[in-house]
Each structure stands twice: as structure tokens, then as C-alpha cells.
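This report refers to the structure that appears directly beneath it.
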Amino acid sequence: METPLVTNLVDLTYETIPPGNFAIPPHLHHYHQFDAILSGVVTVCVENGASFRLETGHGLMIPPLVRHAYRANGGFRQGQFKFHVAPRYWEMFGKQIRRVRLSRGLLESIEAWGKRTEARQTLVPQQALALTALCLVESLGKSSALAPKTDHLDTFRQQLWPLLERIIAAPHGGWSVATMAHECHLSPGHFCRCFRKVLGQSPHQHLFETRMRAIAADLLADPTRPIKDIAEKAKYTSVHTFSHSFKQAFGISPAAYRRSPTRM
């Protein structure tokens, strides 16, 4: 069975920002995000000092855990998609923000969805997933980019993707680099080398980020749930240690993440 490109939709938003001083301070989130600019101009600044000027017809792909901020003066209209990508496609999107020019057909589809939204008509889940997937395909430049790679790491990928899906399903299940390597029938050293070539980061860092993304999702899923309960679920022995780890990943405390801007 073919693995879907998008595994879960967090939120879809169609909105018009009126002219004036508009700004959202630096923040990051635990999901992928795609902004489609339908009219106007907005600037997105990222943590390394770079900035992206987005004009009508531009799209911006923002990976998880990439700090960014927004500013605009003249107003703009956008469609915004928040979602999770299947592990087997992570290496194709990478960990860098990507700006693309969107096709007329996709822009018209997003505008049609926006008109339905304004009329208080919602997309059925299959339509929402399909529209999000179209945005992702265009963010890669062409649909053929989604074709599986065939190189000397192909066998490793076939073992890795199901493993990463199991880790996402149980992120606090006692995973370690050693257990991951054992699951793939490789020595820890060889596993780490292959993992870094495929995903561009160490298995240890990936495990940490996966757990932090799961924790961030729990924080937003139920804002009234005590942080202590979430820390215990994540197998932390104290709230202090939990908060320190979370701040290491997101740059802010768990409580501040709950209060941080999520609309953008």
C-alpha cells in the first residue's frame, strides 16, 4: 500500500491580513507548515539572519523546529497549511526553509477553498489532504522529485522508514541509537553513518527532536493538562529536567510554547 505524503493535518487557515504594521515574533513549531501568498507582500525572517520576501504567487515550506518571524505593512492574503509529513519523505524536504513559485492551477484551487471557507463550507478530509499534498509537490519543483531514490542506501531506507514510523507512534518507548541499529540489523557505527547521509542529522538528535515534537503536540492538544502530567508521560523524573530539555529544543519553556503564536 502506498504511503501517504501527509499523515496528519494540524490546521488549515485562509485569511486576509489588513494593511498596517503586522508582525509575529520569532517562534517555531513541531509540524511542517506551508504558506501560500495569494495577494500582497510579507517578509519572513529566519534565525540565521536570512529573510524571504514573499509576493503574490509565492509559497514557503517551513520544516519543524526552524525559528522564523513575520512582518508586513501593506496587508496580504494567504492560505496556510500545518501538517505532518510521512518519514520516508523527510529527506526530500530537508531542514531548510524553501521558497517556490506556485502554479496558477494551485493558486486557483487555494482561492476556491478560501471562498468555501468564507462561506462556512469545509473541505472533507480527503480534499484537504489532497490540497496540502499539491502544495508539497510544488515545493519540490516537480512531482517526479517524490520518486524513491535508488542508490547504495536504498536497502537502508527500506528498513529505516518503518522504524521511524514506530518511533513516532511510541516516542517515549525507551528508544536508543543501539536499539535503532539493532532493528536495522546494523552495527551502531554503520547505522549512524547511514542515518546521517539520509537525514542529515545524527540518530540521537533525531530521537530528541521526535520526542520534543510529540511533547509539543501534547501541550497544545489540551492546554488545561498540567505540565507535570506531560513530563511524566515523557518519562522525565522532574518538571525542571523536562523544561530544560524542552527549552533546549524550542528555545522557550513548555508554558511559553502554549502561549506562543500558533496562527502563523
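Here's how to read the names in the C-alpha cells: chain A, B, ... by the order shown, residue numbers from 1 in each chain, ligand numbers from 1 in the order shown.
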Would you pick out the contacts of region 133-143 of chain A at 10 Å or less, using only C-alpha atoms, so that residues sharing its chain but fewer than 3 positions from it are not included, and give the list as a tab-separated table (two decimals) with N, CA and C atoms, in the first residue's frame?
chain	number	residue	atom	x	y	z
A	4	PRO	N	1.01	7.58	2.32
A	4	PRO	CA	0.57	8.95	2.01
A	4	PRO	C	1.68	9.95	2.31
A	5	LEU	N	1.71	11.02	1.52
A	5	LEU	CA	2.70	12.07	1.73
A	5	LEU	C	2.43	12.80	3.04
A	6	VAL	N	1.18	13.16	3.28
A	6	VAL	CA	0.77	13.86	4.50
A	6	VAL	C	0.06	12.87	5.41
A	33	GLN	N	4.94	23.41	7.90
A	33	GLN	CA	3.98	24.47	7.56
A	33	GLN	C	4.25	24.95	6.14
A	34	PHE	N	3.17	25.22	5.41
A	34	PHE	CA	3.30	25.77	4.06
A	34	PHE	C	2.41	26.99	3.96
A	35	ASP	N	3.01	28.14	3.62
A	35	ASP	CA	2.29	29.39	3.44
A	35	ASP	C	2.18	29.68	1.96
A	36	ALA	N	0.97	29.88	1.46
A	36	ALA	CA	0.74	30.26	0.07
A	36	ALA	C	0.23	31.69	0.04
A	58	HIS	N	3.80	33.28	-4.37
A	58	HIS	CA	4.90	32.57	-3.72
A	58	HIS	C	4.35	31.58	-2.68
A	59	GLY	N	5.09	30.52	-2.49
A	59	GLY	CA	4.82	29.58	-1.40
A	59	GLY	C	6.08	29.41	-0.57
A	60	LEU	N	5.91	29.11	0.71
A	60	LEU	CA	7.06	28.94	1.60
A	60	LEU	C	6.86	27.67	2.42
A	61	MET	N	7.83	26.75	2.30
A	61	MET	CA	7.81	25.50	3.06
A	61	MET	C	8.68	25.67	4.29
A	81	PHE	N	-1.11	26.02	5.65
A	81	PHE	CA	-1.30	24.60	5.88
A	81	PHE	C	-0.31	24.13	6.94
A	83	PHE	N	0.85	20.58	9.05
A	83	PHE	CA	0.67	19.15	8.81
A	83	PHE	C	1.91	18.37	9.22
A	85	VAL	N	4.47	15.25	7.81
A	85	VAL	CA	4.91	14.53	6.62
A	85	VAL	C	5.37	13.12	7.00
A	92	MET	N	13.60	14.43	1.45
A	92	MET	CA	13.33	15.20	0.24
A	92	MET	C	13.06	16.66	0.55
A	93	PHE	N	12.47	16.93	1.72
A	93	PHE	CA	12.16	18.30	2.09
A	93	PHE	C	13.27	18.95	2.90
A	98	ARG	N	12.15	26.66	2.28
A	98	ARG	CA	12.19	26.64	0.83
A	98	ARG	C	11.10	27.55	0.26
A	99	ARG	N	11.50	28.50	-0.61
A	99	ARG	CA	10.54	29.38	-1.27
A	99	ARG	C	10.34	28.89	-2.71
A	100	VAL	N	9.07	28.89	-3.16
A	100	VAL	CA	8.77	28.40	-4.51
A	100	VAL	C	7.75	29.33	-5.17
A	101	ARG	N	7.69	29.26	-6.47
A	101	ARG	CA	6.66	29.95	-7.24
A	101	ARG	C	5.54	28.95	-7.52
A	102	LEU	N	4.32	29.28	-7.14
A	102	LEU	CA	3.20	28.37	-7.27
A	102	LEU	C	2.54	28.50	-8.64
A	103	SER	N	2.04	27.38	-9.14
A	103	SER	CA	1.37	27.38	-10.44
A	103	SER	C	0.01	28.06	-10.33
A	106	LEU	N	-2.71	25.73	-8.92
A	106	LEU	CA	-2.73	25.54	-7.46
A	106	LEU	C	-3.28	26.78	-6.77
A	107	LEU	N	-2.88	27.97	-7.23
A	107	LEU	CA	-3.40	29.20	-6.64
A	107	LEU	C	-4.92	29.28	-6.78
A	109	SER	N	-6.93	26.74	-6.99
A	109	SER	CA	-7.51	25.75	-6.09
A	109	SER	C	-7.56	26.26	-4.66
A	110	ILE	N	-6.48	26.96	-4.24
A	110	ILE	CA	-6.46	27.50	-2.88
A	110	ILE	C	-7.49	28.61	-2.73
A	127	GLN	N	-10.19	15.91	0.60
A	127	GLN	CA	-9.91	17.11	-0.19
A	127	GLN	C	-8.82	17.96	0.46
A	128	ALA	N	-8.88	18.08	1.77
A	128	ALA	CA	-7.88	18.87	2.50
A	128	ALA	C	-6.49	18.24	2.35
A	129	LEU	N	-6.43	16.91	2.47
A	129	LEU	CA	-5.15	16.22	2.32
A	129	LEU	C	-4.61	16.37	0.90
A	130	ALA	N	-5.49	16.27	-0.08
A	130	ALA	CA	-5.06	16.38	-1.47
A	130	ALA	C	-4.52	17.77	-1.77
A	146	LEU	N	9.30	13.21	-6.00
A	146	LEU	CA	8.81	12.31	-4.98
A	146	LEU	C	9.15	10.86	-5.26
A	147	ALA	N	9.74	10.60	-6.42
A	147	ALA	CA	10.10	9.22	-6.74
A	147	ALA	C	11.18	8.74	-5.79
- Task: Find the distance between CA of Cys194 (chain A) and CA of Glu165 (chain A) and write it in Å to one decimal.
- Result: 17.6 Å
- Task: Select from region 38-166 of chain A everything DSSP, run on the backbone, classes as alpha helix (DSSP H), then give the selection as a PyMOL selection string.
- Result: chain A and resi 90-93+104-118+125-139+154-166
- Query: Near Ser176 (chain A), counting only C-alpha atoms, which residues have an atom at most 12 Å away, once you skip same-chain residues fewer than 5 positions from it, shown as a list in words?
  - Reply: Ile167, Pro171, Ala181, His182, Glu183, Pro188, Cys192, Ser202, Pro203, His204, Gln205, His206, Leu207, Phe208 and Arg211 of chain A
Export of prior selection with N, CA and C atoms as a PDB file, in the first residue's frame:
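Result file out.pdb:
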ATOM      1  N   ILE A 167       8.724   4.705  15.894  1.00  0.00           N
ATOM      2  CA  ILE A 167       9.209   5.652  16.904  1.00  0.00           C
ATOM      3  C   ILE A 167       8.217   6.797  17.075  1.00  0.00           C
ATOM      4  N   PRO A 171       7.041   7.544  20.875  1.00  0.00           N
ATOM      5  CA  PRO A 171       8.301   8.291  21.003  1.00  0.00           C
ATOM      6  C   PRO A 171       8.986   8.152  22.354  1.00  0.00           C
ATOM      7  N   ALA A 181      19.735   0.695  15.718  1.00  0.00           N
ATOM      8  CA  ALA A 181      20.685  -0.045  14.882  1.00  0.00           C
ATOM      9  C   ALA A 181      20.350  -1.527  14.864  1.00  0.00           C
ATOM     10  N   HIS A 182      19.977  -2.067  16.024  1.00  0.00           N
ATOM     11  CA  HIS A 182      19.613  -3.488  16.113  1.00  0.00           C
ATOM     12  C   HIS A 182      18.400  -3.787  15.243  1.00  0.00           C
ATOM     13  N   GLU A 183      17.416  -2.885  15.238  1.00  0.00           N
ATOM     14  CA  GLU A 183      16.220  -3.076  14.423  1.00  0.00           C
ATOM     15  C   GLU A 183      16.555  -3.148  12.941  1.00  0.00           C
ATOM     16  N   PRO A 188      26.030  -0.152  15.465  1.00  0.00           N
ATOM     17  CA  PRO A 188      25.700   1.247  15.763  1.00  0.00           C
ATOM     18  C   PRO A 188      26.496   2.244  14.928  1.00  0.00           C
ATOM     19  N   CYS A 192      24.746   4.801  12.272  1.00  0.00           N
ATOM     20  CA  CYS A 192      24.850   6.258  12.428  1.00  0.00           C
ATOM     21  C   CYS A 192      25.341   6.922  11.148  1.00  0.00           C
ATOM     22  N   SER A 202      22.236  13.280  13.233  1.00  0.00           N
ATOM     23  CA  SER A 202      22.533  12.044  13.941  1.00  0.00           C
ATOM     24  C   SER A 202      21.256  11.376  14.427  1.00  0.00           C
ATOM     25  N   PRO A 203      21.267  10.047  14.616  1.00  0.00           N
ATOM     26  CA  PRO A 203      20.098   9.373  15.190  1.00  0.00           C
ATOM     27  C   PRO A 203      19.730   9.935  16.560  1.00  0.00           C
ATOM     28  N   HIS A 204      20.741  10.274  17.369  1.00  0.00           N
ATOM     29  CA  HIS A 204      20.489  10.809  18.707  1.00  0.00           C
ATOM     30  C   HIS A 204      19.697  12.109  18.626  1.00  0.00           C
ATOM     31  N   GLN A 205      20.115  13.006  17.722  1.00  0.00           N
ATOM     32  CA  GLN A 205      19.404  14.275  17.575  1.00  0.00           C
ATOM     33  C   GLN A 205      18.002  14.048  17.046  1.00  0.00           C
ATOM     34  N   HIS A 206      17.860  13.096  16.137  1.00  0.00           N
ATOM     35  CA  HIS A 206      16.537  12.813  15.583  1.00  0.00           C
ATOM     36  C   HIS A 206      15.596  12.268  16.657  1.00  0.00           C
ATOM     37  N   LEU A 207      16.085  11.390  17.505  1.00  0.00           N
ATOM     38  CA  LEU A 207      15.269  10.870  18.600  1.00  0.00           C
ATOM     39  C   LEU A 207      14.826  12.004  19.521  1.00  0.00           C
ATOM     40  N   PHE A 208      15.765  12.876  19.836  1.00  0.00           N
ATOM     41  CA  PHE A 208      15.449  14.004  20.714  1.00  0.00           C
ATOM     42  C   PHE A 208      14.360  14.887  20.095  1.00  0.00           C
ATOM     43  N   ARG A 211      10.876  13.210  20.061  1.00  0.00           N
ATOM     44  CA  ARG A 211      10.233  13.260  21.377  1.00  0.00           C
ATOM     45  C   ARG A 211       9.733  14.661  21.687  1.00  0.00           C
TER      46      ARG A 211
END
- Task: Just give me the gap between CA of Lys95 (chain A) and CA of Leu160 (chain A) in Å, one decimal is fine.
- Result: 18.2 Å
- Task: Go through A:Val10, A:Ile17, A:Leu153, A:Leu123 and flag the residue nearest Arg196 (chain A), using only C-alpha atoms for the distances.
- Result: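 The shortest atom-to-atom distance to Arg196 (chain A) comes from A:Leu153.
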- Mind giving me the straight-line distance from CA of Glu108 (chain A) to CA of Pro87 (chain A) in Å, one decimal? 29.3 Å
- Task: Using backbone DSSP assignments, extract all strand (DSSP E or B) residues from region 63-235 of chain A; output them as a ChimeraX atom specification.
- Result: /A:68-72,76-85,98-101
- Item | Selected residue, from A:Leu65, A:Phe191, A:His240, A:Phe22, that lies nearest to Thr179 (chain A) when counting only C-alpha atoms |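 Among the listed residues, A:Phe191 lies closest to Thr179 (chain A).
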- Using only C-alpha atoms, which residues sit within 9 Å of Asn21 (chain A) once same-chain residues fewer than 3 positions away are excluded, as a PyMOL selection string? chain A and resi 71-75
- Query: From the list A:Ser253, A:Gln158, A:Gln78, A:Thr7, which residue is nearest Gln126 (chain A) when using only C-alpha atoms?
  - Reply: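 Using only C-alpha atoms, Gln126 (chain A) sits closest to A:Thr7.
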- From the list A:Arg157, A:Thr16, A:Thr210, A:Phe250, which residue is nearest Glu118 (chain A) when using only C-alpha atoms?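 Looking only at the distances to Glu118 (chain A), the closest residue turns out to be A:Thr16.
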- Message: Just checking: using only C-alpha atoms, which residue out of A:Arg116, A:Arg258, A:His152, A:His32 ends up closest to Gln96 (chain A)?
- Response: A:His32
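Nearest residue to Ala214 (chain A), choosing from A:Thr241, A:Leu164, A:His172, A:Phe156 and counting only C-alpha atoms: A:His172.
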- Query: Neighbours of Leu219 (chain A) within 9 Å (only C-alpha atoms; same-chain residues fewer than 5 positions away dropped), as a VMD selection string?
  - Reply: chain A and resid 214 224 to 227 230 254 to 255 257 to 258
